[in-house]
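A.B. asks: Dropping the structure in here first, questions after.
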Amino acid sequence: MLRLDGLVKEFGAKRAVDSVSMIVPPGQFVGVIGQSGAGKSTLLRAINRLSDPTQGSIWCNDTDVMALKGRGLRQWRARCAMIFQQFNLAGRLDVLTNVLMGRAFHAPVWRSVAKLWTAEEKAMGLSALESLDIARLAGQRADTLSGGQQQRVAIARALIQEPEIILADEPVASLDPRNTRVVMDALLHINKHFGITVMCNLHSLDLARKYCDRLVGLAGGQLVFDGVPAALTDHVARDLYGLEASDVVDADQRPVLVLGGAQGLAVANP
Amino acid sequence: MMNRGQIDVAALRGRHPHHFVGLQREQRMLALVAAALIALLLLGMAYLDFFDAKTLRGITKLGEVAILMLPPDPGSWAHFQLYFWALIETISIALLGTLTAAVLALPLGLLAARNVTASRFLRFLTRRSLDTIRSIDILVWALIWISVVGLGPFAGVLAFATSDIGSFGKLFAEAIEAADRKPVEGIVSTGGGKLLGVRFGILPEVFPVLASQLLYYFESNTRWASVLGVVGAGGIGLQLGEAIRVLELQQASFIILMILIAVALIDVISNRLRFALIGRRVQTA
Amino acid sequence: MSSPIVQLPEAQLRPLLAGYNATVRSRRWHTLLIFVAVVVAMGLSSIAAEVSLPTFVDKIGNFTGYIGRLFHLDSGRGVWTDPVEWYWGLGRWLRLLGETLVMAYVGTALGVIGAFFLSFLAATNVTPNRWLSVVVRRFCEFCRTVPGLVFALMFVIAFGLGPMAGVLAVAIHTLGTLVKLFSEVVENIDPKPVEGVSSTGAAWHVAMRFGALPQVLSGFVSYTLLRFEINVRESAVLGFVGAGGIGMDLFEAIRKFYYSDVSAILVMIVITVALIDSATSLIRHRLLGLMDGHR
Ligand SMILES: Nc1ncnc2c1ncn2[C@@H]1O[C@H](COP(=O)(O)OP(=O)(O)OP(=O)(O)O)[C@@H](O)[C@H]1O
Ligand SMILES: [Mg+2]
């Protein structure tokens with residue numbers, strides 16, 4: 001169980017994440033939504049502690065994540081895998097080496113540095129790749145792969161961490177519709193079959209409704225919505241996205257600007 | 001209709017003050033700077049006795065020297081052999097010195113790079129040391145190493161090794177800082193340490209850049225290695241300096257020709273290698 | 001929760017592993033080959049360059065000792081204890097350092113003026129004559145490849161000992177380098193403005209003045225300032241062959257083991273170079289800002 005308590009992340013004077021508290025039970029597929037700049041990426045990065053929160057606490061079962069340092073911190077990162085929008089692979093290295101980075105915490109450093117993987121580790125990596133249908137690409141350089149393939153490599157890397165949680169930061173934002181399905185289905189599969197918690201930032205409300213058990217909405221760094229997808233009515237979505245709602249909800253319900261005499265500028269729904 | 005007389009300059013000036021005032025002021029400023037620079041040049045030339053009868057005589061003498069250099073001629077087969085081996089020695093000095101410097105500079109480059117070394121103080125210290133090494137010319141290093149290990153090519157190798165640490169360290173640090181931080185983040189997010197992040201996230205990416213810089217330096221160092229001998233640090237510079245001093249100018253020009261050919265060859269080879277390494281032509285200033 | 005990795009059966013795994021190993025092995029061979037080539041080249045050149053590790057190990061103590069001695073006065077005390085004694089020759093060294101700077105400035109300026117005109121002839125996209133371009137390029141390649149010190153040696157024969165030889169050596173070398181860099185800048189310009197001016201029937205030099213020059217000026221200035229900094233460093237050692245500047249005194253001090261003089265002069269050079277370095281980069285940024293605001 002993951003628990004966030006009054007989590008705050010400040011960049012200078014800007015509060016990118018503003019006192020977010022929530023509890024994520026194991027095995028949930030949580031979608032994080034909100035408009036650009038709402039603090040979604042910052043929230044996930046804070047949980048993995050890629051960037052340290054300014055205030056608040058993160059608990060995972062009995063682990064006080066904020067107190068971790070050194071090896072303990074790295075162990076925590078191994079327990080909550082991250083998937084990035086831009087895949088974050090080492091382009092000039094081959095696919096399997098990239099995947100095996102997922103064992104970085106478990107293997108002794110000298111062995112990793114010398115790329116001396118055990119047969120067992122290689123088998124793990126190849127199995128993970130095969131479960132995503134790309135084991136035949138194992139020897140290829142990562143930057144020669146298509147975006148969808150690269151994202152699957154990144155998922156394989158996350159898988160062989162054998163994580164409890166997967167944090168996915170807009171994993172499909174740079175993919176075409178077909179690859180989007182492949183990647184989202186893979187995450188869903190992992191979530192349903194192995195009970196791994198997934199927290200996934202999404203831009204598309206359609207995807208969020210289709211795949212997630214629960215949605216949390218951020219606006220200006222604050223948690224403004226938390227509920228099942230069905231509770232996310234268009235009305236709520238509009239609140240969440242402000243005027244940008246036209247981009248994500250049906251076009252015919254687009255809010256329009258009207259100039260009303262004495263009241264000045266107002267937003268209305270025709 | 002509009003003719004010259006009707007253009008309302010005042011109104012235009014009012015609407016676009018920048019185009020008038022700015023341009024005029026900046027242009028006047030540039031002209032002033034240019035005039036000052038030229039005045040400084042003339043003063044400097046006067047200070048160095050350029051406007052002197054001696055200069056004219058020198059130029060005549062230079063013409064004579066140039067004529068005396070032609071055609072290039074080693075003098076004898078024995079001389080040619082001597083020069084040839086000295087040239088090999090020169091190239092060897094450059095190669096060894098450049099490689100050694102690169103190997104030593106890599107850790108320093110990492111130490112000076114913002115995305116690898118967190119400590120601001122350590123970075124500053126490394127950068128300053130590299131700058132200091134860089135601001136001392138290779139010939140000074142050569143003389144210092146001669147005082148330590150004696151005359152000969154070994155001193156030349158050590159001179160390159162020390163002197164180029166400064167340049168390489170700085171260039172490497174810049175290349176490392178320019179590296180994409182996403183792969184490192186990917187590795188760190190899995191629980192890998194800094195070391196793995198550098199090893200797999202940064203080094204593979206910057207390696208071709210470093211190698212191409214190394215090749216470029218090898219070429220330019222070969223040029224420099226050919227003068228180290230003038231101060232006694234090995235290589236063909238010894239013969240060249242000697243030939244010029246005793247006015248064996250045809251031999252001197254022959255040696256220069258050999259150097260030019262060697263450098264051109266190395267240029268071709270290193271361009272090929274660079275191309276193979278990066279798969280595209282890189283611009284090196 | 002269970003491990004998300006479902007291990008493949010052996011029969012399926014084996015060909016995948018074999019395929020991967022084969023690709024990686026061929027790549028490893030490649031790397032190994034390069035490595036061996038480099039090691040062999042280093043081995044051969046160590047023989048040619050008379051590198052001897054025993055000597056090195058034996059003498060490395062001398063190096064640290066040497067550096068240590070640099071910072072001690074003849075009396076054995078540290079130089080910092082008696083700055084007046086350390087810098088006993090300050091007046092003379094300052095004058096020589098000034099001379100070095102003037103040499104670098106005049107050499108750079110002369111080189112730049114030459115390079116400015118030649119680069120338009122050398123640049124393949126605007127050259128008035130292809131053959132002229134080739135000739136200019138070859139000449140500049142020659143000026144660039146022959147080390148400045150060699151030029152200095154020859155100019156010393158013609159002009160006698162003194163800064164004149166040094167200045168000319170700096171100028172020639174600057175010319176060679178800058179024509180290459182400048183003409184690259186010219187080759188990268190947008191051709192439309194030049195064509196625009198030419199289409200009005202303007203002469204070549206007019207087209208260059210109004211079509212090309214505004215585009216290349218900032219690049220030229222940048223390279224010039226960088227070159228000036230390099231030239232200061234180079235001028236400081238031209239004195240080694242008698243071509244003027246502070247190098248003469250430095251050479252003598254090193255050769256005659258006047259340790260504290262060596263450090264005194266080197267410290268002066270290092271500081272000067274650092275100052276010039278920051279000054280040129282400051283000017284470069286200011287000037288580029290000024291010019292960009294202009295366009
Ligand atoms: N490293 C940083 N330094 C300064 N400000 C930052 C930094 N990272 C994020 N921010 C700011 O924090 C806020 C939240 O950014 P974040 O990247 O979390 O938004 P997001 O919800 O992920 O947006 P998007 O959907 O566009 O990815 C933004 O205003 C951003 O400008
Ligand atoms: Mg984001």
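Chains: A, B, ... in order of the structure tokens. Residues: from 1 per chain. Ligands: from 1, in order shown.
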Within 6 Å of chain A, which residues of chain B are there when counting only C-alpha atoms? Please give them as an MDAnalysis selection string.

C.D. replies: chainID B and resid 182:183 186 189:192 201

A.B. asks: Excluding range 88-103 of chain C and any residue of its chain fewer than 5 positions from it, enumerate the residues within 9 Å of it, using only C-alpha atoms, and give them as a VMD selection string.

C.D. replies: (chain B and resid 41 44 to 45 47 to 48) or (chain C and resid 83 108 163 to 164 166 to 168 170 231 to 232 235 to 236 244 to 249 261 264 to 265 268 to 269 272)

A.B. asks: Please find the residues contacting ligand 2 at a distance of at most 9 Å between atoms, with only C-alpha atoms and all ligand atoms counted, and report them as a PyMOL selection string.

C.D. replies: chain A and resi 36-42+85+169-170+201

A.B. asks: Show me, as an MDAnalysis selection string, every residue of chain C with an atom at most 8 Å from chain B, counting only C-alpha atoms.

C.D. replies: chainID C and resid 42 44:46 48:52 55:56 59:60 62:63 66 102:103 105:106 109 142 145:147 149:150 153:155 157:160 163:164 181 233:234 237 240 254:255 266 269:270 273:274 290 294

A.B. asks: Neighbouring residues of ligand 1 are defined here as those with any atom at most 12 Å from a ligand atom, counting only C-alpha atoms and all ligand atoms; list them as number ranges by chain.

C.D. replies: A: 8-18, 32-46, 50-53, 84-86, 168-174, 200-204, 217-223, 241

A.B. asks: Can you work out which residues from chain A touch chain C at a cut-off of 9 Å (counting only C-alpha atoms) and hand them back as a list in words?

C.D. replies: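 Within 9 Å of chain C on chain A, we get Pro26, Gly27, Asp94, Leu96, Lys122, Ala123, Met124, Gly125, Leu126, Ser127, Ala128, Glu130, Ser131, Ala135, Arg136, Leu137, Ala138, Gly139, Gln140, Leu159, Ile160, Glu162, Pro163, Glu164, Ile190, His193, Phe194, Gly195 and Ile196 of chain A.
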
A.B. asks: Which is closer to Arg141 in chain A than all the others in B:Leu214, B:Pro204, B:Leu111, B:Ile165, using only C-alpha atoms?

C.D. replies: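 Smallest separation from Arg141 in chain A among the options: B:Pro204.
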
A.B. asks: Could you state the separation of CA of Leu70 in chain C and CA of Tyr259 in chain C in Å, given to one decimal place?

C.D. replies: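 Value for the CA of Leu70 in chain C-CA of Tyr259 in chain C distance: 4.6 Å.
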
A.B. asks: Pick out the closest residue to Gln215 in chain C from this set: C:Val186, C:Val134, C:Ile67, C:Leu32. Count only C-alpha atoms.

C.D. replies: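 Going through C:Val186, C:Val134, C:Ile67, C:Leu32 one by one, the smallest distance to Gln215 in chain C is for C:Val186.
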
A.B. asks: Got a sec: who's within 10 Å of Leu207 in chain A, counting only C-alpha atoms, leaving out chain neighbours fewer than 6 positions off, as number ranges by chain?

C.D. replies: A: 31, 172, 180-181, 184

A.B. asks: Put those residues in a file: all heavy atoms, as a PDB file, in the first residue's frame.

C.D. replies:
ATOM      1  N   GLY A  31      -5.064   6.188 -12.739  1.00  0.00           N
ATOM      2  CA  GLY A  31      -4.740   7.142 -13.784  1.00  0.00           C
ATOM      3  C   GLY A  31      -4.614   8.530 -13.175  1.00  0.00           C
ATOM      4  O   GLY A  31      -5.460   8.941 -12.384  1.00  0.00           O
ATOM      5  N   VAL A 172       2.368   6.798 -23.401  1.00  0.00           N
ATOM      6  CA  VAL A 172       1.922   6.664 -24.785  1.00  0.00           C
ATOM      7  C   VAL A 172       1.837   7.998 -25.508  1.00  0.00           C
ATOM      8  O   VAL A 172       1.341   8.076 -26.625  1.00  0.00           O
ATOM      9  CB  VAL A 172       0.551   5.958 -24.857  1.00  0.00           C
ATOM     10  CG1 VAL A 172       0.697   4.514 -24.387  1.00  0.00           C
ATOM     11  CG2 VAL A 172      -0.475   6.675 -24.017  1.00  0.00           C
ATOM     12  N   THR A 180      -0.110   2.722 -29.003  1.00  0.00           N
ATOM     13  CA  THR A 180      -0.738   3.124 -27.754  1.00  0.00           C
ATOM     14  C   THR A 180      -1.494   1.940 -27.168  1.00  0.00           C
ATOM     15  O   THR A 180      -1.373   1.633 -25.978  1.00  0.00           O
ATOM     16  CB  THR A 180      -1.711   4.289 -28.012  1.00  0.00           C
ATOM     17  OG1 THR A 180      -0.976   5.397 -28.485  1.00  0.00           O
ATOM     18  CG2 THR A 180      -2.459   4.661 -26.743  1.00  0.00           C
ATOM     19  N   ARG A 181      -2.263   1.257 -28.025  1.00  0.00           N
ATOM     20  CA  ARG A 181      -3.015   0.100 -27.535  1.00  0.00           C
ATOM     21  C   ARG A 181      -2.081  -0.973 -27.010  1.00  0.00           C
ATOM     22  O   ARG A 181      -2.284  -1.510 -25.922  1.00  0.00           O
ATOM     23  CB  ARG A 181      -3.865  -0.472 -28.681  1.00  0.00           C
ATOM     24  CG  ARG A 181      -5.301  -0.011 -28.695  1.00  0.00           C
ATOM     25  CD  ARG A 181      -6.292  -1.144 -28.414  1.00  0.00           C
ATOM     26  NE  ARG A 181      -5.981  -2.413 -29.070  1.00  0.00           N
ATOM     27  CZ  ARG A 181      -6.194  -2.665 -30.372  1.00  0.00           C
ATOM     28  NH1 ARG A 181      -6.707  -1.737 -31.150  1.00  0.00           N
ATOM     29  NH2 ARG A 181      -5.901  -3.847 -30.868  1.00  0.00           N
ATOM     30  N   MET A 184      -0.571   0.174 -23.639  1.00  0.00           N
ATOM     31  CA  MET A 184      -1.548   0.234 -22.545  1.00  0.00           C
ATOM     32  C   MET A 184      -2.032  -1.168 -22.182  1.00  0.00           C
ATOM     33  O   MET A 184      -2.207  -1.493 -21.014  1.00  0.00           O
ATOM     34  CB  MET A 184      -2.734   1.127 -22.933  1.00  0.00           C
ATOM     35  CG  MET A 184      -2.443   2.626 -22.951  1.00  0.00           C
ATOM     36  SD  MET A 184      -1.678   3.303 -21.474  1.00  0.00           S
ATOM     37  CE  MET A 184      -2.974   3.076 -20.262  1.00  0.00           C
TER      38      MET A 184
END

A.B. asks: Which one of B:Val33, B:Val116, B:Ala175, B:Ile236 sits closest to Phe80 in chain B if you count only C-alpha atoms?

C.D. replies: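 Smallest distance to Phe80 in chain B is found for B:Ile236.
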
A.B. asks: Would you mind writing down, as number ranges by chain, each residue of range 3-239 of chain A that DSSP on the backbone assigns to strand (DSSP E)?

C.D. replies: A: 3-11, 14-24, 29-33, 55-60, 63-64, 80-83, 165-169, 197-201, 214-219, 222-227

A.B. asks: Please identify all polymer residues within 12 Å of Ile269 in chain B, counting only C-alpha atoms, omitting same-chain residues fewer than 4 positions from it, and present them as a list of chain:residue names.

C.D. replies: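 Using only C-alpha atoms, the neighbours found are B:Ser212, B:Leu215, B:Tyr216, B:Phe218, B:Glu219, B:Ala262, B:Val263, B:Ala264, B:Leu265, B:Leu273, B:Arg274, B:Phe275, B:Ala276.
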